[in-house]
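A.B. asks: This is the structure, below, for whatever I ask next.
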Amino acid sequence: MSGEPESLDRALEAALFAAEDALTIDQLASHLGDVDKGAVRDALARLAQFYAPRGINLVERGKRWHFQTAPDCAHLLRKERESLRKLSRAATEVLAIVAYHEPVSRAEIESIRGVQTSGGTLDVLMEAGWVKPAGRREVPGRPVIYATTPEFLRHFGLESRRDLPGIDELRATGMLDPVEEAFAAEMADEADQERPDEA
Amino acid sequence: MSGEPESLDRALEAALFAAEDALTIDQLASHLGDVDKGAVRDALARLAQFYAPRGINLVERGKRWHFQTAPDCAHLLRKERESLRKLSRAATEVLAIVAYHEPVSRAEIESIRGVQTSGGTLDVLMEAGWVKPAGRREVPGRPVIYATTPEFLRHFGLESRRDLPGIDELRATGMLDPVEEAFAAEMADEADQERPDEA
Amino acid sequence: MIDLPEGGTVLGFDGSDDAEWGGVAAPGAPDDGALHLALEGWEGPLDLLLELARKQKVDLREISILALVDQYLEFLDGAEQLKLEVAADYLVMAAWLAYLKSSLLLPKDEQEDPSPEELALRLHLRLQRLGAMREAAGRLMGRDRLGRDVFLRGSPEGLRTHRTIAWQADWYDLVRAYGQVKARNAPALHTVRDRQVMTLESALDRVSSMLGVTLDWMVLEDFLPATADPRLRKSAMASSFVAALELARTGRADLAQDDIFGPLRLRRRRQQAPA
């Protein structure tokens, strides 16, 4: 992008800059007067690239776009903004379990952590806007299941859950499977491996 | 400015973006860790130039710097949603009286209409841009007098107020018939018009 | 491979994990405060086991369950502050681990089902999963977080939708409204139509004079003047009726009506001899 910016780019900059919340492509297109969504998408990609090296970045989080400061400028800004709530270790663990396993019931969280989870921990995460109830599991007792929110993606700078750190590796190594499944799989593996010895 | 932005520029971008208020050069310099003020000044000038053609501008207002959306993009921040509403009969009457008798005071409007006119009615007409106060009548009490606007003529497709039909013409076209009779006549007309559809 | 961060000393865990969690408070806000008073910040036995396993500095798959069991039991022995009533979970785990250890040490052919190896494998798997989640949590917390590492615009103007009313009226509405105002307030001249009526006086004269001619009953209608105007006829009827009533009242006529709404008849009253 060089020379004069295109008028759609300018319009998107202005709208995203002024917006109080992250905006979807649909919202942007309709706000700018029913612009073609493909054009908006292209322009957003162009702008994201344009702003990538700068002190302000344009990012997509859970299909919503917003401007934010560049991560490496954090040290310049942090001194004035130390208001971020500290999360307990229990809460960070529960959050990770919800994020990597979602949707997940409280019993499932507890079975991974090996300890009872107080309702307060989930409340803290829900209050932060990162976790929300996502219906009930259709098993006896119909337990409530939990999932992460778009705000979670936004807060942790994730475009989608696929960007969760190490999620592919965790999935590939079966770390996201329940213990019983993993156990059955391991026993099957062992049986396979032992057979040649026995023969 | 081309290629990688300088780190001071990036820092200034981030700081100005995240700031809740416009910042002076002194504030910026101390915030960024006692940077040389001359360097800050130069960088701000560079950034202002860089952002000038974009949808976001960096501007100085009373020695304080801040980002704002480009003035010509301001209309994008406010999506106008027009809802059409038909003028009430009272308002139409008042407008007609102003148009035929202007300039006219509220007391005069009331005496012509034969009923009290609420202030809201004139407000609606002024909001619509069709009526404006046109000074005061130099009589005891100095009442405000009202007149129509050029916008009024435009909206009603009139070249001038002289295009409004006179009383004699009104009578000839049946517009001076008492309301009840005119109403009855209209109902009859409508019934006539509806009959073919029903057939 | 799960890459676990290094921890502090085994028995002297003092919450120095803090830094690894990217600024989040590690211990201190546990699920069950009482438990952690006794066990210095472990989130249950599994958490403690994981911490001990990490001290073996090998892949979680390779850890020695026997060594882990010994360390766990040793830790519980050394935990002087251990409060029995709050550490039940730890003691249950200790008992289970002691059983597991003895099973693992027994000759293979004396083992029951499930085998201790299977139990140990389950423990392995659980520790791996917890370890994976703990590491994931650490990486998550270490990301560039909104409000800590990256910031939104300090004072956005906001996008607003303004609703404006566009008033609608057309020329016809306007002109007609004026016409109606004018018409409504035009000086009104009321004229009463000139209408022929028969007054009561003339009816009295007519009825009484006609009564003088005969002594027979006559129907009221016979007294009415001949006219084509229905309005005048109505007026004559009303006046003649009142006249008939007046004549009856003053004793000059008799009135008779056989049925309701029947013909009203009247005749001259015979003059009584003034006795």
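To be explicit about the labels: the chains of the structure tokens are called A, B, and onward in the order shown, and within each one the residues are counted from 1, while ligands get numbers from 1 in the order they are shown.
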Write down as a ChimeraX atom specification the residues belonging to range 93-158 of chain A that are assigned alpha helix (DSSP H) by DSSP computed on the backbone.

C.D. replies: /A:93-101,106-113,119-127,150-155

A.B. asks: Leaving out range 46-48 of chain B and any residue of its chain fewer than 6 positions from it, which residues lie within 7 Å of it when counting only C-alpha atoms, given as a PyMOL selection string?

C.D. replies: chain B and resi 9+57-59

A.B. asks: Selection from above, N, CA, C and O atoms, as a tab-separated table (two decimals), in the first residue's frame, can you write it?

C.D. replies:
chain	number	residue	atom	x	y	z
B	9	ASP	N	8.61	6.61	16.99
B	9	ASP	CA	7.33	6.83	16.32
B	9	ASP	C	6.32	5.80	16.79
B	9	ASP	O	5.17	6.12	17.09
B	57	ASN	N	-6.23	10.78	11.97
B	57	ASN	CA	-5.25	11.86	11.89
B	57	ASN	C	-4.65	12.10	13.27
B	57	ASN	O	-5.32	11.92	14.28
B	58	LEU	N	-3.38	12.51	13.24
B	58	LEU	CA	-2.75	12.94	14.49
B	58	LEU	C	-2.76	14.46	14.48
B	58	LEU	O	-2.24	15.08	13.55
B	59	VAL	N	-3.39	15.04	15.48
B	59	VAL	CA	-3.54	16.50	15.46
B	59	VAL	C	-3.10	17.12	16.78
B	59	VAL	O	-3.12	16.47	17.83

A.B. asks: Excluding Pro71 in chain A and any residue of its chain fewer than 5 positions from it, enumerate the residues within 7 Å of it, using only C-alpha atoms, and give them as a ChimeraX atom specification.

C.D. replies: /C:144,149-150

A.B. asks: Give the residues of chain A that lie within 10 Å of chain B; count only C-alpha atoms, and format the answer as a ChimeraX atom specification.

C.D. replies: /A:2-19,30-33,53-57,67-77,79-80

A.B. asks: After a least-squares fit of chain B on chain A across every C-alpha pair in order, what's the RMSD, to one decimal?

C.D. replies: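 In short, the RMSD is 17.3 Å.
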
A.B. asks: Please return, as an NGL selection string, all residues of chain C lying within 9 Å of chain B when only C-alpha atoms are considered.

C.D. replies: :C and (151-171 or 173-185)

A.B. asks: List every residue of chain A that DSSP, applied to the backbone of this structure, assigns to strand (DSSP E or B), and report them as a list in words.

C.D. replies: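 Of chain A, the ones in strand (DSSP E or B) are Leu23, Thr24, Ile56, Asn57, Leu58, Val59, Glu60, Arg61, Arg64, Trp65, His66, Phe67, Gln68, Thr69, Val104, Ser105, Val131, Lys132, Pro133, Ala134, Gly135, Arg136, Val144, Ile145, Tyr146, Ala147 and Thr148 of chain A.
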
A.B. asks: For those residues, write C-alpha atoms to a file as a CSV table (one decimal), in the first residue's frame.

C.D. replies:
chain,number,residue,atom,x,y,z
A,23,LEU,CA,-16.6,-5.1,14.9
A,24,THR,CA,-17.5,-7.9,12.6
A,56,ILE,CA,-0.9,0.4,16.6
A,57,ASN,CA,-2.0,-2.9,15.1
A,58,LEU,CA,-5.2,-4.0,13.5
A,59,VAL,CA,-6.1,-7.5,14.7
A,60,GLU,CA,-8.9,-10.1,14.2
A,61,ARG,CA,-10.2,-11.8,17.3
A,64,ARG,CA,-14.2,-9.3,15.1
A,65,TRP,CA,-11.7,-6.6,14.3
A,66,HIS,CA,-10.2,-4.0,16.4
A,67,PHE,CA,-7.1,-1.7,16.8
A,68,GLN,CA,-4.8,-2.2,19.7
A,69,THR,CA,-1.3,-1.2,20.7
A,104,VAL,CA,-16.8,-29.1,29.5
A,105,SER,CA,-18.7,-29.8,32.6
A,131,VAL,CA,-16.3,-18.2,30.2
A,132,LYS,CA,-20.0,-18.7,29.8
A,133,PRO,CA,-22.4,-21.6,30.3
A,134,ALA,CA,-23.0,-23.3,27.0
A,135,GLY,CA,-26.1,-25.4,27.6
A,136,ARG,CA,-26.3,-28.8,29.3
A,144,VAL,CA,-24.2,-27.5,32.8
A,145,ILE,CA,-21.3,-27.3,30.3
A,146,TYR,CA,-19.0,-24.3,29.9
A,147,ALA,CA,-17.2,-22.7,27.0
A,148,THR,CA,-15.1,-19.7,26.3

A.B. asks: Find the spatial neighbours of Leu49 in chain C, counting only C-alpha atoms, within a cut-off of 10 Å - ignore same-chain residues fewer than 6 positions away - and output them as a list in words.

C.D. replies: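 Within the cut-off, the hits are Trp42, Lys55, Ile65, Leu68, Val69, Gln71, Tyr72, Met93, Leu123 and Leu127 of chain C.
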
A.B. asks: Considering only C-alpha atoms, state which residue in the set B:Val40, B:Val115, B:Ala52, B:Ala45 is at the smallest distance from Asp26 in chain B.

C.D. replies: B:Val40

A.B. asks: Need the shell around range 254-262 of chain C: protein/DNA/RNA residues with any atom at most 10 Å away, counting only C-alpha atoms. Skip same-chain ones fewer than 4 positions apart. Format as a PyMOL selection string?

C.D. replies: chain C and resi 217-220+244-245+247-249+266-270

A.B. asks: Write out as a list in words each polymer residue whose atoms come within 6 Å of range 193-208 of chain C, counting only C-alpha atoms; drop sequence neighbours fewer than 6 positions from it.

C.D. replies: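 Near neighbours after the sequence-gap exclusion: Leu232, Ser235, Ala236, Ser239, Ser240 and Ala243 of chain C.
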